[in-house]
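Student: Take a look at this one; I'll ask things after.
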Amino acid sequence: MKDIREIGEPVFSSGLENIYFSETKLCYIDGENGRLYYLGIPIEELADNSTFEESSYLLLYQKLPNKEELENFDRKLRENREISEILLKEEELIPKNAHPMDVIRTIVSFNGMLDEKATSRNEEELLEKANKLIAMLPTIVAYFHRIRNNLNTVKPDRELNHAGNFLYMLRGEKPSDIEIEIFDKTLILYLEHGMNASTFSAIVTASTQSDIYSSITSAIGTLKGPLHGGANEEAMKMLFEIDEKYNGDVEKYLKEKLARKERIMGFGHRVYKAYDPRARILKNLALKLADYTNNRKWIDMQIQLEEKAGPILGEKQIYPNVDYYAASIYYMLKIPFDLYTPIFAIARIVGWISHILEYWKSSGRLIRPREKYIGELNKPYIKINERR
Ligand code: ACO
C-alpha cells in the first residue's frame, strides 16, 4: 500500500471517506458483503457464543482469554463498578434535565482530573484504567438516571454480570435471564466498529499524546450526534412519531420524509453498502424479545418500514444499521430513550480504548489532515473605520 507522502499531491476526500491513516488488527468491516469481524472472528460467532466480558477481553488484549484470564478480568470489572463519593456528589449537582450523554462526558472528564497518573503510558496501568472505566460507565448512567427521578441509587451487585448489573441498577429490580442475555448481545454488537467518527475522535486526541480520559471524553462528545450514536434514540422517537402523528401509517411517513429530503433514522452507513450484519442479528433478538414481552407492535412497525423503504433506499444501497433494531430492543427492555446512546457508549468504550492502546503501540503519529484552501490570497487589510 502506498503511503500518501509518496504520492505527493494531497488527496481530497470529503468526510475522509475511503482514507486509510493507520493499520489495525482489531476489526474488519467488509462493507460490500455486509460482514464484520473482531480480531478476525465473525460477529455472528461472537453474538452466538461470547459475552460482553469475553469480547471486551478479546479486543483489549487482542486474543481470546483462557478461563483464568477471563475470570480475573471479569472479577476486576465487578470490583471496579462503584464510583467515588466525589463523583457521586458531582452527579448530584448536575441539572436533572441534562442529557445523560452530557453527564457521562462530564463525569469521565472529571474522573480524569482525580487520577494522579492520568498521563501514564505504562501498558499495565493503562489496562487497569481501562478496566475501571469500562466497569464504572454503567454505574454513572444508572446513578444519574435514579438521581434525576428522585429515586435512591442502587449499589452494583457483584453476583450479576455486566449486562445484568446495569439493568438491575437502573430498574432497582433484578432483570430476567432472557433480558440479560439479549441486552448482553446488544453490547457485544456495539463494542467495536473500526474507525468510526467517535473512535477517530479518541485517536485524534490520543495522537497528541494527551491522556486516556481526554481521549474518551472526545469520543463521547462525538458519539452523541444523531448521525452517529444518537441515531438509536432518534430511531425510537421516529417509531413514536409514526404511531402518534401518522396513526401507524408507515408508508405516508416514509413518503413525506423522503419528499422533504430528510433521513430515516437507523438507516444508512458510510462503510456498509450491503445489509449491516449487526442489524440482522438485532432484528432476530428484537423478535425474540417481542415474543417474550408479548408485544409485537414496534418490531412489526419496523419490519413494515424496512419493507417499504427497501425498494426506495435500497437503490442507494441504504439498509438498516445497528441502531435501527437496537432501538426497539431497548424500548422493550423498559429503558428510557435518552439512555440508548449512553448504552452504546457503555459498550463502545471498549473499542475506543482498544484502538487507543493499539495506536500508541504502533505509529502513534500525530493526526493532522489538511483542508483545501479555496479563498483568495493577498487581500488588502482594510482599517476598521474604512470598512463598510
Ligand atoms: N435516509 C434517507 N436517505 C439517506 C439516509 C437515510 N438514513 N442515509 C443516507 N441517505 C442518502 C442521502 O440523502 C444522500 O442522498 P443524495 O445522494 O440523493 O443526496 C445519500 O444517501 C448519501 O448520503 P451521505 O450523507 O453522503 O452518506 P454518508 O455516508 O455521509 O452518511 C450516515 C452515512 C450519516 C450514517 C447516513 O446514512 C445517515 O444520516 N443515516 C441516518 C442516521 C443514522 O442512522 N446514523 C447511524 C449510523 S451507524 C452508527 O453510527 C452507529
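Residues in the C-alpha cells are numbered from 1 in each chain, the chains being A, B, ... in the order shown, and ligands are numbered from 1 in the order shown.
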With a distance cut-off of 12 Å and only C-alpha atoms, select the neighbouring residues of Phe240 of chain A, excluding the residue or stretch itself and same-chain residues fewer than 5 positions from it, and output the selection as a PyMOL selection string.
Tutor: chain A and resi 233-235+245-250+253+297-298+301-302+327-328+331+337
Student: I'd like the contact shell of segment 144-149 of chain A - 8 Å cut-off, only C-alpha atoms, skipping same-chain residues fewer than 3 positions apart - returned as a VMD selection string.
Tutor: chain A and resid 91 to 92 96 to 97 100 103 140 to 141 152 to 153 170
Student: Hey, can you spit out that residue selection with N, CA, C and O atoms as a tab-separated table (two decimals), in the first residue's frame?
Tutor:
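Generated output (out-v5.tsv):
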chain	number	residue	atom	x	y	z
A	91	GLU	N	-22.39	14.06	40.36
A	91	GLU	CA	-23.61	13.64	39.64
A	91	GLU	C	-24.86	14.28	40.25
A	91	GLU	O	-25.80	14.62	39.55
A	92	GLU	N	-24.83	14.43	41.58
A	92	GLU	CA	-26.00	15.02	42.26
A	92	GLU	C	-26.16	16.50	41.91
A	92	GLU	O	-27.24	17.05	41.99
A	96	LYS	N	-31.05	18.05	36.58
A	96	LYS	CA	-31.76	16.78	36.34
A	96	LYS	C	-32.22	16.63	34.90
A	96	LYS	O	-32.50	15.53	34.44
A	97	ASN	N	-32.32	17.77	34.20
A	97	ASN	CA	-32.78	17.66	32.80
A	97	ASN	C	-31.61	17.54	31.80
A	97	ASN	O	-31.81	17.61	30.60
A	100	PRO	N	-28.13	12.50	29.40
A	100	PRO	CA	-27.16	11.57	30.01
A	100	PRO	C	-25.83	11.46	29.24
A	100	PRO	O	-24.81	11.14	29.84
A	103	VAL	N	-23.81	14.00	30.70
A	103	VAL	CA	-23.42	13.60	32.05
A	103	VAL	C	-22.19	12.68	31.99
A	103	VAL	O	-21.21	12.91	32.70
A	140	ILE	N	-22.29	5.18	36.31
A	140	ILE	CA	-22.51	6.62	36.12
A	140	ILE	C	-23.89	6.85	35.49
A	140	ILE	O	-24.65	7.71	35.91
A	141	VAL	N	-24.21	6.04	34.48
A	141	VAL	CA	-25.50	6.20	33.78
A	141	VAL	C	-26.66	5.85	34.72
A	141	VAL	O	-27.62	6.62	34.86
A	152	ASN	N	-33.69	6.37	45.06
A	152	ASN	CA	-32.41	6.00	45.70
A	152	ASN	C	-31.53	5.30	44.69
A	152	ASN	O	-32.01	4.49	43.88
A	153	THR	N	-30.23	5.60	44.74
A	153	THR	CA	-29.31	4.87	43.85
A	153	THR	C	-29.21	3.42	44.32
A	153	THR	O	-29.33	3.14	45.52
A	170	LEU	N	-30.39	0.20	37.15
A	170	LEU	CA	-31.30	1.14	36.51
A	170	LEU	C	-32.72	1.00	37.07
A	170	LEU	O	-33.37	1.97	37.45
Student: Please give the complete set of residues from segment 13-60 of chain A that DSSP, run on the backbone, assigns to alpha helix (DSSP H), formatted as an MDAnalysis selection string.
Tutor: chainID A and resid 43:49 52:60
Student: Take the selection from the previous step and output its residues with C-alpha atoms, as a PDB file, in the first residue's frame.
Tutor:
ATOM      1  CA  ILE A  43     -19.570 -11.145  14.554  1.00  0.00           C
ATOM      2  CA  GLU A  44     -22.252 -13.851  14.259  1.00  0.00           C
ATOM      3  CA  GLU A  45     -19.972 -16.303  16.128  1.00  0.00           C
ATOM      4  CA  LEU A  46     -19.373 -13.801  18.897  1.00  0.00           C
ATOM      5  CA  ALA A  47     -23.039 -12.847  19.212  1.00  0.00           C
ATOM      6  CA  ASP A  48     -23.957 -16.545  19.443  1.00  0.00           C
ATOM      7  CA  ASN A  49     -21.250 -17.749  21.784  1.00  0.00           C
ATOM      8  CA  PHE A  52     -19.602  -8.741  26.784  1.00  0.00           C
ATOM      9  CA  GLU A  53     -16.770  -9.595  29.188  1.00  0.00           C
ATOM     10  CA  GLU A  54     -15.079 -12.108  26.890  1.00  0.00           C
ATOM     11  CA  SER A  55     -15.390  -9.994  23.728  1.00  0.00           C
ATOM     12  CA  SER A  56     -14.048  -6.994  25.643  1.00  0.00           C
ATOM     13  CA  TYR A  57     -11.006  -9.006  26.659  1.00  0.00           C
ATOM     14  CA  LEU A  58     -10.590 -10.133  23.049  1.00  0.00           C
ATOM     15  CA  LEU A  59     -10.388  -6.529  21.863  1.00  0.00           C
ATOM     16  CA  LEU A  60      -8.288  -5.125  24.691  1.00  0.00           C
TER      17      LEU A  60
END
Student: Return as a list in words the residues of protein, DNA or RNA that approach ligand 1 to within 6 Å, with only C-alpha atoms and all ligand atoms taken into account.
Tutor: Leu227, His228, Gly229, Ala231, Arg263, Ile264, Met265, Gly266, Phe267, Gly268, His269, Arg270, Asn321, Val322 and Asp323 of chain A
Student: What is the atom CA of Arg81 of chain A to atom CA of Ala135 of chain A distance in Å?
Tutor: 4.7 Å
Student: Point out the residue among A:Ile312, A:Leu282, A:Ala130, A:Ile188 with the least atom-to-atom distance to Tyr38 of chain A, counting only C-alpha atoms.
Tutor: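 Result for the nearest residue to Tyr38 of chain A: A:Ile188.
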Student: Given only C-alpha atoms as the basis, pick out the residue of A:Leu339, A:Phe110, A:Leu137, A:Gly31 nearest to Ile318 of chain A.
Tutor: A:Gly31
Student: When distances are computed from only C-alpha atoms, which of A:Lys185, A:Arg35, A:Lys255, A:Arg121 shows the smallest separation from Asn284 of chain A?
Tutor: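 Counting only C-alpha atoms, the residue closest to Asn284 of chain A is A:Lys185.
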Student: With only C-alpha atoms as the basis for distance, which of A:Ile382, A:Ile134, A:Ala279, A:Ala219 is at the shortest distance from Glu306 of chain A?
Tutor: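 Ranking A:Ile382, A:Ile134, A:Ala279, A:Ala219 by distance to Glu306 of chain A, first place goes to A:Ala279.
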Student: Given only C-alpha atoms as the basis, pick out the residue of A:Glu315, A:Glu9, A:Glu192, A:Glu386 nearest to Lys273 of chain A.
Tutor: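 With only C-alpha atoms as the atom set, the closest residue is A:Glu315.
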Student: Show which residues sit within 12 Å of Asp102 of chain A, as a ChimeraX atom specification. Count only C-alpha atoms, and ignore same-chain residues fewer than 2 positions away.
Tutor: /A:91,94-100,104-109,140-141,144,217-225,338-339,341-342,345
Student: Using only C-alpha atoms, which protein or nucleic acid residues come within 10 Å of Asp157 of chain A? Drop anything in the same chain fewer than 4 positions from it, and give the result as a list in words.
Tutor: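 Residues meeting the cut-off are Arg78, Glu79, Arg81, Glu82, Asn161, His162, Gly164, Asn165, Phe166, Tyr168, Met169 and Lys174 of chain A.
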Student: Counting only C-alpha atoms, figure out which residue out of A:Tyr324, A:Cys27, A:Ala347, A:Arg370 gets nearest to Lys237 of chain A.
Tutor: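 Closest to Lys237 of chain A, using only C-alpha atoms: A:Tyr324.
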Student: Work out how far atom CA of Asp300 of chain A is from atom CA of Arg348 of chain A, in Å to one decimal.
Tutor: 28.1 Å
Student: Using only C-alpha atoms, determine which residues lie at most 12 Å from Glu17 of chain A, disregarding the query and same-chain residues fewer than 2 positions distant; provide the list as a PyMOL selection string.
Tutor: chain A and resi 11-15+19-21+195-197+269-271
Student: Please, could you write that set of residues out with C-alpha atoms as an mmCIF file, in the first residue's frame?
Tutor:
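Output below, filename selection-v9.cif:
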data_model
loop_
_atom_site.group_PDB
_atom_site.id
_atom_site.type_symbol
_atom_site.label_atom_id
_atom_site.label_comp_id
_atom_site.auth_asym_id
_atom_site.auth_seq_id
_atom_site.Cartn_x
_atom_site.Cartn_y
_atom_site.Cartn_z
ATOM 1 C CA VAL A 11 -5.764 13.728 -1.904
ATOM 2 C CA PHE A 12 -9.222 15.271 -1.467
ATOM 3 C CA SER A 13 -11.789 13.085 0.276
ATOM 4 C CA SER A 14 -14.965 14.707 1.557
ATOM 5 C CA GLY A 15 -15.627 13.459 5.093
ATOM 6 C CA ILE A 19 -8.903 7.043 3.537
ATOM 7 C CA TYR A 20 -6.601 4.713 5.489
ATOM 8 C CA PHE A 21 -4.499 6.524 8.075
ATOM 9 C CA MET A 195 -12.500 3.827 12.563
ATOM 10 C CA ASN A 196 -15.962 5.327 13.070
ATOM 11 C CA ALA A 197 -16.337 9.007 13.988
ATOM 12 C CA HIS A 269 -23.914 3.656 6.729
ATOM 13 C CA ARG A 270 -20.696 5.134 5.398
ATOM 14 C CA VAL A 271 -18.993 1.733 5.025
#
Student: Applying 10 Å and only C-alpha atoms, which residues near Asn33 of chain A remain after dropping the ones on its own chain fewer than 5 positions away? List them as a list in words.
Tutor: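 Counting only C-alpha atoms, the residues come to Tyr272, Lys273, Ala274, Tyr275, Asp276 and Pro277 of chain A.
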Student: For the residues in the current selection, export all heavy atoms as an mmCIF file, in the first residue's frame.
Tutor:
data_model
loop_
_atom_site.group_PDB
_atom_site.id
_atom_site.type_symbol
_atom_site.label_atom_id
_atom_site.label_comp_id
_atom_site.auth_asym_id
_atom_site.auth_seq_id
_atom_site.Cartn_x
_atom_site.Cartn_y
_atom_site.Cartn_z
ATOM 1 N N TYR A 272 -20.961 0.278 5.051
ATOM 2 C CA TYR A 272 -21.765 -0.837 4.522
ATOM 3 C C TYR A 272 -22.517 -0.423 3.267
ATOM 4 O O TYR A 272 -23.302 0.520 3.285
ATOM 5 C CB TYR A 272 -22.796 -1.320 5.548
ATOM 6 C CG TYR A 272 -22.187 -2.040 6.710
ATOM 7 C CD1 TYR A 272 -22.285 -1.532 7.998
ATOM 8 C CD2 TYR A 272 -21.503 -3.240 6.530
ATOM 9 C CE1 TYR A 272 -21.723 -2.179 9.077
ATOM 10 C CE2 TYR A 272 -20.932 -3.905 7.606
ATOM 11 C CZ TYR A 272 -21.044 -3.361 8.873
ATOM 12 O OH TYR A 272 -20.479 -4.015 9.940
ATOM 13 N N LYS A 273 -22.291 -1.158 2.213
ATOM 14 C CA LYS A 273 -23.092 -0.983 1.001
ATOM 15 C C LYS A 273 -24.022 -2.194 0.860
ATOM 16 O O LYS A 273 -24.667 -2.393 -0.160
ATOM 17 C CB LYS A 273 -22.196 -0.822 -0.232
ATOM 18 C CG LYS A 273 -21.264 0.384 -0.127
ATOM 19 C CD LYS A 273 -22.040 1.708 0.093
ATOM 20 C CE LYS A 273 -21.139 2.831 0.597
ATOM 21 N NZ LYS A 273 -21.799 3.809 1.448
ATOM 22 N N ALA A 274 -24.015 -3.025 1.880
ATOM 23 C CA ALA A 274 -24.920 -4.180 1.976
ATOM 24 C C ALA A 274 -25.552 -4.120 3.367
ATOM 25 O O ALA A 274 -25.247 -3.222 4.158
ATOM 26 C CB ALA A 274 -24.115 -5.459 1.819
ATOM 27 N N TYR A 275 -26.409 -5.091 3.645
ATOM 28 C CA TYR A 275 -27.116 -5.108 4.939
ATOM 29 C C TYR A 275 -26.115 -5.202 6.104
ATOM 30 O O TYR A 275 -25.223 -6.059 6.094
ATOM 31 C CB TYR A 275 -28.068 -6.306 4.952
ATOM 32 C CG TYR A 275 -29.257 -6.156 5.855
ATOM 33 C CD1 TYR A 275 -30.483 -5.752 5.347
ATOM 34 C CD2 TYR A 275 -29.168 -6.421 7.209
ATOM 35 C CE1 TYR A 275 -31.597 -5.626 6.169
ATOM 36 C CE2 TYR A 275 -30.264 -6.292 8.051
ATOM 37 C CZ TYR A 275 -31.480 -5.896 7.520
ATOM 38 O OH TYR A 275 -32.571 -5.765 8.328
ATOM 39 N N ASP A 276 -26.248 -4.340 7.079
ATOM 40 C CA ASP A 276 -25.378 -4.355 8.266
ATOM 41 C C ASP A 276 -25.613 -5.678 9.012
ATOM 42 O O ASP A 276 -26.742 -5.952 9.448
ATOM 43 C CB ASP A 276 -25.769 -3.137 9.133
ATOM 44 C CG ASP A 276 -24.918 -2.976 10.383
ATOM 45 O OD1 ASP A 276 -24.378 -3.975 10.878
ATOM 46 O OD2 ASP A 276 -24.830 -1.832 10.869
ATOM 47 N N PRO A 277 -24.579 -6.509 9.170
ATOM 48 C CA PRO A 277 -24.801 -7.817 9.807
ATOM 49 C C PRO A 277 -25.309 -7.702 11.238
ATOM 50 O O PRO A 277 -26.015 -8.582 11.739
ATOM 51 C CB PRO A 277 -23.411 -8.471 9.779
ATOM 52 C CG PRO A 277 -22.449 -7.340 9.638
ATOM 53 C CD PRO A 277 -23.159 -6.268 8.862
#
Student: Tell me which protein, DNA and RNA residues are within 9 Å of segment 286-289 of chain A, counting only C-alpha atoms, leaving out same-chain ones fewer than 3 positions away, and put them as a ChimeraX atom specification.
Tutor: /A:178-179,182,281-283,292-296,299-300,325-326,328-329,332-333
